>>> print(open('start.txt').read())   # compact mmCIF, C-alpha atoms
# COMPACT_ATOMS: atom_id res chain seq x y z
CA MET A 807 -127.20 -131.55 -80.45
CA THR A 808 -128.73 -133.92 -77.96
CA SER A 809 -130.44 -136.83 -79.52
CA HIS A 810 -134.15 -137.01 -79.10
CA PRO A 811 -135.15 -140.28 -80.68
CA ALA A 812 -138.43 -139.31 -82.26
CA ALA A 813 -141.24 -141.49 -81.07
CA PRO A 814 -142.49 -143.47 -84.07
CA SER A 815 -145.76 -141.77 -84.81
CA PRO A 816 -148.24 -142.89 -87.48
CA ASN A 817 -147.02 -139.88 -89.42
CA SER A 818 -143.30 -140.64 -89.33
CA SER A 819 -142.94 -141.52 -92.98
CA TYR A 820 -144.09 -140.15 -96.31
CA THR A 821 -146.85 -142.06 -98.08
CA PHE A 822 -145.74 -144.55 -100.71
CA THR A 823 -147.26 -142.32 -103.37
CA ALA A 824 -145.19 -139.36 -102.19
CA ILE A 825 -142.06 -141.51 -102.02
CA GLY A 826 -142.67 -142.96 -105.47
CA LEU A 827 -143.27 -139.55 -107.04
CA HIS A 828 -140.24 -138.06 -105.27
CA TRP A 829 -137.81 -140.63 -106.66
CA LEU A 830 -139.44 -140.83 -110.07
CA ILE A 831 -139.23 -137.06 -110.46
CA ALA A 832 -135.70 -136.98 -109.02
CA LEU A 833 -134.42 -139.48 -111.57
CA ALA A 834 -136.29 -137.83 -114.43
CA ILE A 835 -134.94 -134.39 -113.51
CA ILE A 836 -131.36 -135.65 -113.28
CA GLY A 837 -131.74 -137.45 -116.62
CA SER A 838 -133.28 -134.58 -118.52
CA PHE A 839 -130.92 -132.06 -116.94
CA ALA A 840 -127.96 -134.12 -118.15
CA LEU A 841 -129.50 -134.55 -121.60
CA GLY A 842 -130.31 -130.84 -121.85
CA PHE A 843 -126.79 -129.90 -120.77
CA TYR A 844 -125.27 -132.27 -123.33
CA MET A 845 -127.52 -131.59 -126.31
CA ALA A 846 -127.55 -127.78 -126.24
CA ASP A 847 -124.15 -127.34 -127.88
CA LEU A 848 -124.28 -130.27 -130.30
CA PRO A 849 -124.02 -129.43 -134.01
CA ILE A 850 -127.35 -129.92 -135.76
CA SER A 851 -128.04 -133.55 -136.69
CA PRO A 852 -130.98 -135.97 -136.62
CA GLN A 853 -129.65 -137.15 -133.26
CA LYS A 854 -129.85 -133.61 -131.90
CA LEU A 855 -133.46 -133.28 -133.08
CA ARG A 856 -134.26 -136.58 -131.38
CA PHE A 857 -132.57 -135.48 -128.15
CA TYR A 858 -134.50 -132.22 -128.16
CA SER A 859 -137.77 -134.06 -128.63
CA TRP A 860 -136.99 -136.54 -125.86
CA HIS A 861 -135.97 -133.71 -123.56
CA LYS A 862 -139.23 -131.89 -124.24
CA TRP A 863 -141.31 -135.05 -123.77
CA ALA A 864 -139.52 -135.63 -120.45
CA GLY A 865 -140.17 -132.02 -119.43
CA VAL A 866 -143.91 -132.31 -120.06
CA THR A 867 -143.99 -135.65 -118.20
CA ILE A 868 -142.10 -134.22 -115.22
CA PHE A 869 -144.40 -131.21 -115.15
CA LEU A 870 -147.46 -133.47 -114.98
CA CYS A 871 -145.87 -135.59 -112.24
CA VAL A 872 -145.09 -132.40 -110.31
CA VAL A 873 -148.71 -131.26 -110.58
CA LEU A 874 -149.81 -134.67 -109.31
CA ARG A 875 -147.28 -134.47 -106.52
CA LEU A 876 -148.35 -130.99 -105.43
CA GLY A 877 -151.97 -132.15 -105.40
CA TRP A 878 -151.02 -135.14 -103.27
CA ARG A 879 -148.94 -133.04 -100.92
CA LEU A 880 -151.82 -130.63 -100.32
CA ARG A 881 -153.98 -133.51 -99.12
CA HIS A 882 -151.31 -135.47 -97.24
CA ARG A 883 -149.34 -133.70 -94.58
CA PRO A 884 -145.66 -134.59 -94.75
CA PRO A 885 -144.19 -136.15 -91.59
CA GLU A 886 -142.96 -133.82 -88.87
CA LEU A 887 -139.33 -132.78 -88.76
CA PRO A 888 -137.25 -134.18 -85.87
CA THR A 889 -138.18 -132.40 -82.66
CA GLY A 890 -134.61 -131.38 -81.85
CA MET A 891 -134.08 -129.46 -85.09
CA PRO A 892 -133.18 -125.79 -84.53
CA ALA A 893 -135.59 -123.18 -85.83
CA TRP A 894 -133.18 -121.79 -88.41
CA GLN A 895 -132.72 -125.24 -89.93
CA ARG A 896 -136.47 -125.65 -90.12
CA SER A 897 -136.74 -122.33 -91.93
CA VAL A 898 -133.97 -123.22 -94.34
CA ALA A 899 -135.51 -126.64 -94.96
CA SER A 900 -138.92 -125.20 -95.68
CA ALA A 901 -137.50 -122.45 -97.93
CA THR A 902 -135.48 -125.06 -99.86
CA HIS A 903 -138.56 -127.19 -100.39
CA VAL A 904 -140.66 -124.23 -101.53
CA LEU A 905 -137.92 -123.24 -103.98
CA LEU A 906 -137.65 -126.80 -105.28
CA TYR A 907 -141.38 -126.96 -105.93
CA LEU A 908 -141.33 -123.54 -107.61
CA LEU A 909 -138.44 -124.56 -109.84
CA MET A 910 -139.98 -127.93 -110.68
CA VAL A 911 -142.88 -125.92 -112.12
CA ALA A 912 -140.88 -123.03 -113.57
CA VAL A 913 -138.20 -125.05 -115.36
CA PRO A 914 -140.54 -127.02 -117.66
CA LEU A 915 -142.72 -123.94 -118.19
CA SER A 916 -139.71 -121.87 -119.28
CA GLY A 917 -138.70 -124.67 -121.63
CA TRP A 918 -142.15 -124.79 -123.15
CA LEU A 919 -142.28 -121.01 -123.62
CA MET A 920 -138.78 -121.03 -125.05
CA SER A 921 -139.77 -123.69 -127.60
CA SER A 922 -142.81 -121.69 -128.63
CA ALA A 923 -140.82 -118.47 -129.02
CA LYS A 924 -138.23 -120.30 -131.09
CA GLY A 925 -140.96 -121.64 -133.34
CA PHE A 926 -140.59 -125.30 -132.44
CA GLN A 927 -143.82 -126.58 -131.01
CA THR A 928 -143.81 -129.18 -128.26
CA VAL A 929 -145.59 -132.35 -129.36
CA TRP A 930 -145.74 -134.74 -126.41
CA PHE A 931 -144.35 -138.11 -127.50
CA GLY A 932 -144.79 -136.93 -131.08
CA VAL A 933 -148.55 -137.34 -130.65
CA LEU A 934 -150.10 -134.62 -128.51
CA PRO A 935 -149.36 -131.06 -129.63
CA LEU A 936 -149.18 -128.53 -126.82
CA PRO A 937 -150.49 -125.11 -127.72
CA ASP A 938 -147.85 -122.47 -128.39
CA LEU A 939 -148.36 -119.82 -125.74
CA LEU A 940 -146.09 -117.38 -127.55
CA THR A 941 -145.75 -116.54 -131.19
CA LYS A 942 -142.38 -116.96 -132.84
CA ASN A 943 -139.90 -114.30 -131.81
CA ALA A 944 -136.19 -115.04 -132.06
CA GLU A 945 -135.06 -112.46 -129.47
CA LEU A 946 -137.63 -113.57 -126.93
CA GLY A 947 -136.59 -117.15 -127.68
CA ASP A 948 -132.96 -116.38 -126.80
CA LEU A 949 -134.05 -114.58 -123.66
CA LEU A 950 -136.18 -117.52 -122.54
CA GLN A 951 -133.33 -119.88 -123.32
CA ALA A 952 -131.11 -117.88 -120.97
CA LEU A 953 -133.88 -117.99 -118.36
CA HIS A 954 -134.34 -121.76 -118.80
CA ARG A 955 -130.61 -122.22 -118.28
CA LEU A 956 -130.51 -119.96 -115.22
CA LEU A 957 -133.48 -121.71 -113.62
CA ASN A 958 -131.82 -125.07 -114.27
CA TYR A 959 -128.53 -124.04 -112.68
CA SER A 960 -130.46 -122.65 -109.72
CA MET A 961 -132.30 -125.92 -109.39
CA ALA A 962 -129.04 -127.89 -109.61
CA ALA A 963 -127.60 -125.79 -106.78
CA ILE A 964 -130.68 -126.30 -104.61
CA VAL A 965 -130.79 -130.03 -105.38
CA PHE A 966 -127.20 -130.28 -104.13
CA ALA A 967 -128.17 -128.42 -100.95
CA HIS A 968 -131.17 -130.76 -100.55
CA LEU A 969 -128.97 -133.81 -101.07
CA GLY A 970 -126.29 -132.48 -98.70
CA ALA A 971 -128.88 -131.80 -96.00
CA ALA A 972 -130.39 -135.29 -96.39
CA LEU A 973 -126.96 -136.90 -96.00
CA LYS A 974 -126.09 -134.66 -93.08
CA HIS A 975 -129.30 -135.66 -91.31
CA HIS A 976 -128.59 -139.31 -91.90
CA PHE A 977 -124.88 -139.55 -91.15
CA ILE A 978 -124.23 -136.68 -88.76
CA ASP A 979 -127.51 -135.99 -86.96
CA ARG A 980 -128.44 -139.67 -87.27
CA ASP A 981 -132.13 -138.84 -87.37
CA ASP A 982 -134.81 -140.39 -89.56
CA VAL A 983 -135.15 -137.55 -92.09
CA LEU A 984 -133.64 -139.53 -94.98
CA ALA A 985 -135.36 -142.76 -93.90
CA ARG A 986 -138.75 -141.07 -94.25
CA MET A 987 -138.04 -140.93 -97.96
CA LEU A 988 -136.05 -144.19 -98.13
CA PRO A 989 -137.98 -146.64 -95.94
CA PHE A 990 -135.48 -149.48 -96.51
CA LEU A 991 -132.99 -147.54 -94.39
CA ARG A 992 -135.16 -148.29 -91.39
CA THR A 993 -134.55 -151.38 -89.32
CA PRO A 994 -137.66 -153.49 -88.56
CA SER A 995 -137.80 -151.97 -85.08
CA GLY A 996 -138.39 -148.57 -86.57
CA ASP A 997 -134.91 -147.42 -85.71
CA THR A 998 -132.76 -145.86 -88.41
CA GLN A 999 -129.48 -147.24 -87.11
CA MET B 94 -184.10 -91.24 -185.38
CA LYS B 95 -184.55 -92.74 -181.98
CA SER B 96 -182.03 -95.52 -182.17
CA TRP B 97 -179.13 -93.20 -182.91
CA PRO B 98 -178.18 -92.23 -179.36
CA HIS B 99 -178.66 -95.81 -178.28
CA ARG B 100 -176.19 -97.04 -180.81
CA LEU B 101 -173.74 -94.46 -179.67
CA VAL B 102 -174.10 -95.55 -176.08
CA LEU B 103 -173.67 -99.16 -177.07
CA CYS B 104 -170.57 -98.33 -179.06
CA CYS B 105 -169.05 -96.49 -176.17
CA ALA B 106 -169.87 -99.33 -173.84
CA PHE B 107 -168.10 -101.80 -176.08
CA ALA B 108 -165.15 -99.55 -176.44
CA THR B 109 -164.60 -99.48 -172.70
CA LEU B 110 -165.67 -103.02 -171.87
CA ALA B 111 -164.03 -104.88 -174.67
CA PRO B 112 -160.43 -104.55 -173.50
CA ALA B 113 -161.38 -105.59 -169.99
CA ALA B 114 -163.25 -108.63 -171.17
CA HIS B 115 -160.72 -109.87 -173.69
CA ALA B 116 -157.27 -108.50 -173.26
CA ILE B 117 -156.78 -108.38 -169.51
CA GLU B 118 -153.68 -110.27 -168.54
CA PHE B 119 -152.38 -110.61 -165.02
CA ASN B 120 -148.63 -110.66 -165.39
CA GLN B 121 -146.96 -108.45 -162.78
CA LEU B 122 -145.98 -110.42 -159.71
CA GLN B 123 -146.43 -108.52 -156.44
CA LEU B 124 -143.68 -110.03 -154.33
CA ASN B 125 -144.70 -108.27 -151.12
CA LYS B 126 -148.17 -109.80 -151.33
CA SER B 127 -146.98 -113.20 -152.50
CA SER B 128 -145.57 -115.96 -150.36
CA LEU B 129 -143.92 -119.31 -150.72
CA SER B 130 -143.93 -121.30 -147.53
CA PHE B 131 -143.48 -124.87 -146.47
CA VAL B 132 -144.06 -127.06 -143.45
CA SER B 133 -141.69 -129.89 -142.73
CA LYS B 134 -142.18 -132.37 -139.95
CA GLN B 135 -139.32 -132.89 -137.53
CA MET B 136 -139.99 -135.68 -135.03
CA ASN B 137 -143.64 -135.21 -136.00
CA VAL B 138 -143.46 -131.53 -135.06
CA PRO B 139 -144.57 -129.21 -137.85
CA VAL B 140 -141.90 -126.57 -138.53
CA GLU B 141 -142.73 -123.67 -140.80
CA GLY B 142 -140.37 -122.13 -143.27
CA GLN B 143 -140.43 -119.92 -146.30
CA PHE B 144 -138.53 -118.54 -149.24
CA LYS B 145 -138.36 -114.78 -149.20
CA SER B 146 -137.03 -114.12 -152.66
CA PHE B 147 -138.51 -115.47 -155.88
CA ARG B 148 -139.51 -114.22 -159.29
CA SER B 149 -142.37 -115.27 -161.44
CA LYS B 150 -143.25 -114.76 -165.06
CA LEU B 151 -146.98 -115.03 -165.18
CA ALA B 152 -149.50 -114.48 -167.91
CA TYR B 153 -153.07 -115.26 -167.03
CA ASP B 154 -156.10 -114.18 -168.97
CA PRO B 155 -159.28 -115.27 -167.18
CA ALA B 156 -160.98 -115.61 -170.57
CA LYS B 157 -158.32 -118.04 -171.78
CA PRO B 158 -157.06 -119.91 -168.71
CA ALA B 159 -155.68 -122.81 -170.72
CA ALA B 160 -153.31 -120.42 -172.44
CA ALA B 161 -151.87 -119.24 -169.15
CA LYS B 162 -148.13 -119.25 -168.65
CA ALA B 163 -146.26 -119.55 -165.41
CA GLU B 164 -142.65 -119.71 -164.45
CA LEU B 165 -141.24 -119.46 -160.96
CA GLU B 166 -137.65 -118.97 -159.94
CA ILE B 167 -136.75 -119.34 -156.28
CA ASP B 168 -133.56 -118.04 -154.70
CA MET B 169 -132.56 -120.90 -152.44
CA ALA B 170 -130.35 -118.64 -150.31
CA SER B 171 -133.47 -116.73 -149.24
CA ILE B 172 -134.72 -119.69 -147.23
CA ASP B 173 -135.92 -119.32 -143.69
CA ALA B 174 -136.04 -122.88 -142.40
CA GLY B 175 -137.10 -121.93 -138.91
CA SER B 176 -133.84 -120.99 -137.20
CA LYS B 177 -130.41 -119.63 -137.99
CA GLU B 178 -128.89 -123.04 -137.31
CA ALA B 179 -131.33 -124.71 -139.70
CA ASN B 180 -130.70 -122.09 -142.42
CA ASP B 181 -126.97 -122.77 -142.30
CA GLU B 182 -127.57 -126.51 -142.35
CA VAL B 183 -129.97 -126.62 -145.32
CA ALA B 184 -127.62 -124.56 -147.48
CA GLY B 185 -125.13 -127.43 -147.21
CA LYS B 186 -124.50 -130.26 -149.65
CA ALA B 187 -126.76 -132.75 -147.90
CA TRP B 188 -129.74 -130.45 -148.35
CA PHE B 189 -130.01 -127.84 -151.13
CA ASN B 190 -126.32 -127.39 -151.93
CA THR B 191 -127.18 -123.76 -152.47
CA LYS B 192 -123.75 -122.78 -153.79
CA ALA B 193 -123.97 -125.25 -156.66
CA PHE B 194 -127.72 -124.87 -157.18
CA PRO B 195 -128.70 -121.35 -156.17
CA VAL B 196 -132.03 -121.34 -157.98
CA ALA B 197 -134.96 -123.74 -158.07
CA LYS B 198 -137.31 -123.40 -160.97
CA PHE B 199 -140.83 -124.36 -161.92
CA VAL B 200 -142.05 -124.07 -165.50
CA ALA B 201 -145.69 -124.76 -166.22
CA THR B 202 -146.29 -126.89 -169.28
CA SER B 203 -150.08 -127.13 -169.16
CA VAL B 204 -152.93 -125.37 -167.44
CA LYS B 205 -156.23 -127.15 -167.25
CA PRO B 206 -159.38 -125.31 -166.08
CA LEU B 207 -161.22 -127.52 -163.59
CA GLY B 208 -164.34 -125.40 -163.50
CA GLY B 209 -165.19 -122.60 -161.14
CA ASN B 210 -162.06 -120.76 -160.15
CA ARG B 211 -159.92 -123.85 -160.04
CA LEU B 212 -157.05 -124.79 -162.31
CA GLU B 213 -154.74 -127.73 -162.54
CA VAL B 214 -151.24 -126.66 -163.36
CA ALA B 215 -148.71 -129.23 -164.52
CA GLY B 216 -145.08 -128.51 -165.13
CA LYS B 217 -141.44 -129.27 -164.48
CA MET B 218 -139.92 -128.62 -161.10
CA SER B 219 -136.14 -128.37 -160.89
CA ILE B 220 -134.44 -128.46 -157.51
CA LYS B 221 -130.80 -129.29 -156.84
CA GLY B 222 -130.20 -130.17 -160.48
CA LYS B 223 -133.05 -132.62 -160.68
CA THR B 224 -136.12 -132.00 -162.83
CA LEU B 225 -139.36 -133.84 -162.14
CA ASP B 226 -142.97 -133.53 -163.22
CA LEU B 227 -145.17 -131.75 -160.76
CA THR B 228 -148.91 -131.07 -160.75
CA THR B 229 -150.70 -128.75 -158.43
CA PRO B 230 -154.22 -127.44 -158.02
CA VAL B 231 -154.51 -123.68 -158.09
CA THR B 232 -157.38 -121.48 -156.96
CA VAL B 233 -157.70 -118.12 -158.65
CA THR B 234 -159.32 -115.19 -156.92
CA GLN B 235 -159.77 -112.03 -158.92
CA GLN B 236 -160.18 -108.76 -157.14
CA GLY B 237 -160.04 -105.51 -159.01
CA ASN B 238 -156.75 -105.21 -160.78
CA ALA B 239 -155.19 -108.22 -159.05
CA ALA B 240 -155.44 -111.96 -159.34
CA THR B 241 -154.37 -114.23 -156.50
CA PHE B 242 -153.20 -117.74 -157.22
CA ASP B 243 -153.30 -120.03 -154.20
CA GLY B 244 -152.17 -123.58 -154.09
CA SER B 245 -150.74 -126.24 -151.88
CA LEU B 246 -149.08 -129.51 -152.66
CA VAL B 247 -146.96 -132.17 -151.06
CA LEU B 248 -143.44 -132.64 -152.28
CA LYS B 249 -141.25 -135.56 -151.32
CA ARG B 250 -137.81 -134.30 -150.43
CA ALA B 251 -136.07 -137.58 -151.24
CA ASP B 252 -137.23 -137.34 -154.87
CA TYR B 253 -134.87 -134.41 -155.27
CA GLY B 254 -132.15 -135.72 -153.00
CA ILE B 255 -132.89 -133.05 -150.39
CA GLY B 256 -131.53 -134.27 -147.08
CA ASP B 257 -128.95 -136.94 -147.87
CA GLY B 258 -126.62 -138.93 -145.69
CA ILE B 259 -127.44 -138.77 -142.01
CA TRP B 260 -130.71 -137.01 -142.85
CA ALA B 261 -131.93 -139.68 -145.25
CA ASP B 262 -133.93 -141.42 -142.52
CA PHE B 263 -137.51 -140.11 -142.52
CA GLY B 264 -137.87 -140.85 -138.81
CA THR B 265 -136.52 -137.46 -137.80
CA VAL B 266 -137.37 -135.31 -140.83
CA ALA B 267 -140.35 -136.61 -142.77
CA ASN B 268 -140.14 -137.16 -146.51
CA GLU B 269 -143.34 -135.25 -147.20
CA VAL B 270 -143.06 -131.49 -147.18
CA GLN B 271 -146.21 -129.43 -147.42
CA ILE B 272 -145.74 -126.53 -149.83
CA LYS B 273 -148.06 -123.54 -149.88
CA PHE B 274 -147.87 -120.73 -152.36
CA ARG B 275 -149.72 -117.51 -152.96
CA LEU B 276 -148.84 -115.49 -156.01
CA VAL B 277 -150.49 -112.13 -156.48
CA ALA B 278 -150.26 -110.59 -159.92
CA THR B 279 -151.66 -107.39 -161.28
CA ALA B 280 -152.44 -106.59 -164.87
CA ALA B 281 -149.87 -104.45 -166.58
CA ALA B 282 -151.10 -100.89 -167.02
CA ALA B 283 -150.27 -100.79 -170.69
CA LYS B 284 -149.28 -103.53 -173.02
>>> encode(input="start.txt", output="C-alpha cells")
Amino acid sequence: MTSHPAAPSPNSSYTFTAIGLHWLIALAIIGSFALGFYMADLPISPQKLRFYSWHKWAGVTIFLCVVLRLGWRLRHRPPELPTGMPAWQRSVASATHVLLYLLMVAVPLSGWLMSSAKGFQTVWFGVLPLPDLLTKNAELGDLLQALHRLLNYSMAAIVFAHLGAALKHHFIDRDDVLARMLPFLRTPSGDTQ
Amino acid sequence: MKSWPHRLVLCCAFATLAPAAHAIEFNQLQLNKSSLSFVSKQMNVPVEGQFKSFRSKLAYDPAKPAAAKAELEIDMASIDAGSKEANDEVAGKAWFNTKAFPVAKFVATSVKPLGGNRLEVAGKMSIKGKTLDLTTPVTVTQQGNAATFDGSLVLKRADYGIGDGIWADFGTVANEVQIKFRLVATAAAAK
C-alpha cells in the first residue's frame, strides 16, 4: 500500500467528548465483562449478590453512556478514514462499528430483560428501580441468560477484531487511525510517527 | 286471630336466621385461595418469595371475635425464595436449617377487635427452634360462606437467627422481611 499522508484536515480527529466516551465505555465494558464472567459460576454468597448488583449498575451506566454517545455521534461526523484504504476494508470497518454499537445496546438490554424474567429487579445503585419489562418466568430467564452470554461473547470477538485493526493501522499501515482516538500518539507537527 | 300467622312467620325467621347469626364459625382453611408470601431486600432490591404449603386451625365467629382461635403451621421445605439457587441456600443451616426445623408455627394467644373489620392478633411465633412474641393487624372480609383474613407485618430475621455467618451483615440481605398473609376459611357445613 502506498502511503498517502493524509493532509491534516480540521476533521482529522474525534471530538474530545467522543474520545472520552469511547475510552470510558471501553474500560467499563471490559470491567463488567470480566466481573460477569467471574461471578456467574460463584456459589451463592453475599459477595455474589454484591457482584451481581455492581454488574447491573455498571450495565445501566454503560447503556446510558452509549445512548449519549450515539446521540453525539449523530451530530458530529467522525473523521474520514485514510484515503488509501481499500473499499473492502472500509466496508469491514463500518460493519464492525455498526455491530459494536448494536451490541453495546443489546448486551445491557438482554441483561435487564434476563434480570426481570428471573425475578430480580434492577435497582440502579440500589436507589432507582428500573421497571421490570417481563414478568417472572424461569424458562424465559434461562433463555435470556443464554442470549446475554452469546451477545457478550460476540461482542468480545468483535472488540478483539476492532483492537487488532486499530493496532494494524498504527503499526503496519502507519496511518493516523489509532491517533484519532488517542491524540497523545500524535507528534506536535500532526504526524503520527 | 290476626297475629297467629305473623307469629309463625317470625318463628320461622328466627329458626333460619339464628344459626347464621350466632353459630357461624369459619374454620376450614382453603389453601388454594390462601397465600403466605414475603419480600426480602437484597442489595436494596425487593425479592418476592412464598411458602406453598401450610396448615391452619382457625375458628372465627364474627359475633365473638375475641374468642377466635388461630394456629398456623408452615412447611419450611415448601419455600420459594425466588430462585432454585436461593431455595437450596435457605434450607441450609445458616438460614432455616430445614432438616432440623421442618415446621414453623404461629399460635395466637389473644385476639383483640379494633373496631370495624380489624383485629389485632397476638401470639407466639416459632421459627428455627426459637419462639418469640408476635403481634399483627388482621383485616377480615366476609363474603358469603367465606372469611378472608389479610395481614402484613415486618419480621426481623436476625431475631430468629435466620441468615447467620456470612449472611449476618444486613448490607446485602436486610434484617427486615415484609410478611404478607391471606387466609381464606369457610364455615364447616355441619358442626
>>> atom_distance(input="start.txt", atom1="atom CA of B:Thr191", atom2="atom CA of B:Phe144")
12.9 Å
>>> atom_distance(input="start.txt", atom1="atom CA of B:Val204", atom2="atom CA of B:Met218")
14.8 Å
>>> closest_atom_pairs(input="start.txt", of="chain A", to="chain B", cutoff="10 Å", atoms="only C-alpha atoms", output="Markdown table")
| residue | atom | partner | partner_atom | distance |
| --- | --- | --- | --- | --- |
| A:Pro849 | CA | B:Glu178 | CA | 8.7 |
| A:Ile850 | CA | B:Glu178 | CA | 7.2 |
| A:Ser851 | CA | B:Ile259 | CA | 7.5 |
| A:Pro852 | CA | B:Thr265 | CA | 5.9 |
| A:Gln853 | CA | B:Thr265 | CA | 8.2 |
| A:Lys854 | CA | B:Thr265 | CA | 9.7 |
| A:Leu855 | CA | B:Thr265 | CA | 7.0 |
| A:Arg856 | CA | B:Met136 | CA | 6.9 |
| A:Tyr858 | CA | B:Met136 | CA | 9.5 |
| A:Ser859 | CA | B:Met136 | CA | 7.0 |
| A:Trp860 | CA | B:Met136 | CA | 9.7 |
| A:Lys924 | CA | B:Ser176 | CA | 7.6 |
| A:Gly925 | CA | B:Gly175 | CA | 6.8 |
| A:Phe926 | CA | B:Val140 | CA | 6.4 |
| A:Gln927 | CA | B:Val138 | CA | 6.4 |
| A:Thr928 | CA | B:Val138 | CA | 7.2 |
| A:Val929 | CA | B:Val138 | CA | 6.1 |
| A:Trp930 | CA | B:Val138 | CA | 9.5 |
| A:Phe931 | CA | B:Asn137 | CA | 9.0 |
| A:Gly932 | CA | B:Asn137 | CA | 5.3 |
| A:Val933 | CA | B:Asn137 | CA | 7.6 |
| A:Leu934 | CA | B:Val138 | CA | 9.8 |
| A:Pro935 | CA | B:Val138 | CA | 8.0 |
| A:Lys942 | CA | B:Gly175 | CA | 9.5 |
| A:Ala944 | CA | B:Ser176 | CA | 8.2 |
>>> write_last_selection(input="start.txt", atoms="C-alpha atoms", output="PDB file, keeping the file's coordinate frame")
ATOM      1  CA  PRO A 849    -124.020-129.430-134.010  1.00  0.00           C
ATOM      2  CA  ILE A 850    -127.350-129.920-135.760  1.00  0.00           C
ATOM      3  CA  SER A 851    -128.040-133.550-136.690  1.00  0.00           C
ATOM      4  CA  PRO A 852    -130.980-135.970-136.620  1.00  0.00           C
ATOM      5  CA  GLN A 853    -129.650-137.150-133.260  1.00  0.00           C
ATOM      6  CA  LYS A 854    -129.850-133.610-131.900  1.00  0.00           C
ATOM      7  CA  LEU A 855    -133.460-133.280-133.080  1.00  0.00           C
ATOM      8  CA  ARG A 856    -134.260-136.580-131.380  1.00  0.00           C
ATOM      9  CA  TYR A 858    -134.500-132.220-128.160  1.00  0.00           C
ATOM     10  CA  SER A 859    -137.770-134.060-128.630  1.00  0.00           C
ATOM     11  CA  TRP A 860    -136.990-136.540-125.860  1.00  0.00           C
ATOM     12  CA  LYS A 924    -138.230-120.300-131.090  1.00  0.00           C
ATOM     13  CA  GLY A 925    -140.960-121.640-133.340  1.00  0.00           C
ATOM     14  CA  PHE A 926    -140.590-125.300-132.440  1.00  0.00           C
ATOM     15  CA  GLN A 927    -143.820-126.580-131.010  1.00  0.00           C
ATOM     16  CA  THR A 928    -143.810-129.180-128.260  1.00  0.00           C
ATOM     17  CA  VAL A 929    -145.590-132.350-129.360  1.00  0.00           C
ATOM     18  CA  TRP A 930    -145.740-134.740-126.410  1.00  0.00           C
ATOM     19  CA  PHE A 931    -144.350-138.110-127.500  1.00  0.00           C
ATOM     20  CA  GLY A 932    -144.790-136.930-131.080  1.00  0.00           C
ATOM     21  CA  VAL A 933    -148.550-137.340-130.650  1.00  0.00           C
ATOM     22  CA  LEU A 934    -150.100-134.620-128.510  1.00  0.00           C
ATOM     23  CA  PRO A 935    -149.360-131.060-129.630  1.00  0.00           C
ATOM     24  CA  LYS A 942    -142.380-116.960-132.840  1.00  0.00           C
ATOM     25  CA  ALA A 944    -136.190-115.040-132.060  1.00  0.00           C
TER      26      ALA A 944
END
>>> residues_around(input="start.txt", residues="stretch 906-923 of chain A", least_positions_apart="6", cutoff="9 Å", atoms="only C-alpha atoms", output="PyMOL selection string")
chain A and resi 835+862+865-866+868-869+872-873+876+936-951+953-955+957-958+960-961+964-965+968
>>> residues_around(input="start.txt", residues="B:Thr202", least_positions_apart="2", cutoff="12 Å", atoms="only C-alpha atoms", output="PyMOL selection string")
chain B and resi 159-164+199-200+204-205+213-218+226-229
>>> atom_distance(input="start.txt", atom1="atom CA of A:Phe977", atom2="atom CA of A:Leu880")
29.8 Å
>>> build_atoms(input="start.txt", residues="stretch 271-283 of chain B", atoms="N, CA and C atoms", output="PDB file, keeping the file's coordinate frame")
ATOM      1  N   GLN B 271    -145.017-130.141-146.951  1.00  0.00           N
ATOM      2  CA  GLN B 271    -146.210-129.430-147.420  1.00  0.00           C
ATOM      3  C   GLN B 271    -145.790-128.061-147.959  1.00  0.00           C
ATOM      4  N   ILE B 272    -146.093-127.818-149.218  1.00  0.00           N
ATOM      5  CA  ILE B 272    -145.740-126.530-149.830  1.00  0.00           C
ATOM      6  C   ILE B 272    -147.016-125.717-149.989  1.00  0.00           C
ATOM      7  N   LYS B 273    -146.911-124.439-149.703  1.00  0.00           N
ATOM      8  CA  LYS B 273    -148.060-123.540-149.880  1.00  0.00           C
ATOM      9  C   LYS B 273    -147.567-122.333-150.635  1.00  0.00           C
ATOM     10  N   PHE B 274    -148.302-121.953-151.678  1.00  0.00           N
ATOM     11  CA  PHE B 274    -147.870-120.730-152.360  1.00  0.00           C
ATOM     12  C   PHE B 274    -149.052-119.801-152.579  1.00  0.00           C
ATOM     13  N   ARG B 275    -148.732-118.550-152.622  1.00  0.00           N
ATOM     14  CA  ARG B 275    -149.720-117.510-152.960  1.00  0.00           C
ATOM     15  C   ARG B 275    -148.994-116.512-153.849  1.00  0.00           C
ATOM     16  N   LEU B 276    -149.435-116.445-155.079  1.00  0.00           N
ATOM     17  CA  LEU B 276    -148.840-115.490-156.010  1.00  0.00           C
ATOM     18  C   LEU B 276    -149.905-114.462-156.357  1.00  0.00           C
ATOM     19  N   VAL B 277    -149.560-113.210-156.150  1.00  0.00           N
ATOM     20  CA  VAL B 277    -150.490-112.130-156.480  1.00  0.00           C
ATOM     21  C   VAL B 277    -149.916-111.385-157.675  1.00  0.00           C
ATOM     22  N   ALA B 278    -150.723-111.279-158.711  1.00  0.00           N
ATOM     23  CA  ALA B 278    -150.260-110.590-159.920  1.00  0.00           C
ATOM     24  C   ALA B 278    -151.278-109.538-160.310  1.00  0.00           C
ATOM     25  N   THR B 279    -150.770-108.431-160.777  1.00  0.00           N
ATOM     26  CA  THR B 279    -151.660-107.390-161.280  1.00  0.00           C
ATOM     27  C   THR B 279    -151.535-107.364-162.801  1.00  0.00           C
ATOM     28  N   ALA B 280    -152.504-106.741-163.421  1.00  0.00           N
ATOM     29  CA  ALA B 280    -152.440-106.590-164.870  1.00  0.00           C
ATOM     30  C   ALA B 280    -151.562-105.395-165.185  1.00  0.00           C
ATOM     31  N   ALA B 281    -150.746-105.548-166.197  1.00  0.00           N
ATOM     32  CA  ALA B 281    -149.870-104.450-166.580  1.00  0.00           C
ATOM     33  C   ALA B 281    -150.744-103.277-167.040  1.00  0.00           C
ATOM     34  N   ALA B 282    -150.317-102.072-166.691  1.00  0.00           N
ATOM     35  CA  ALA B 282    -151.100-100.890-167.020  1.00  0.00           C
ATOM     36  C   ALA B 282    -151.268-100.750-168.527  1.00  0.00           C
ATOM     37  N   ALA B 283    -150.194-100.908-169.226  1.00  0.00           N
ATOM     38  CA  ALA B 283    -150.270-100.790-170.690  1.00  0.00           C
ATOM     39  C   ALA B 283    -149.486-101.936-171.294  1.00  0.00           C
TER      40      ALA B 283
END
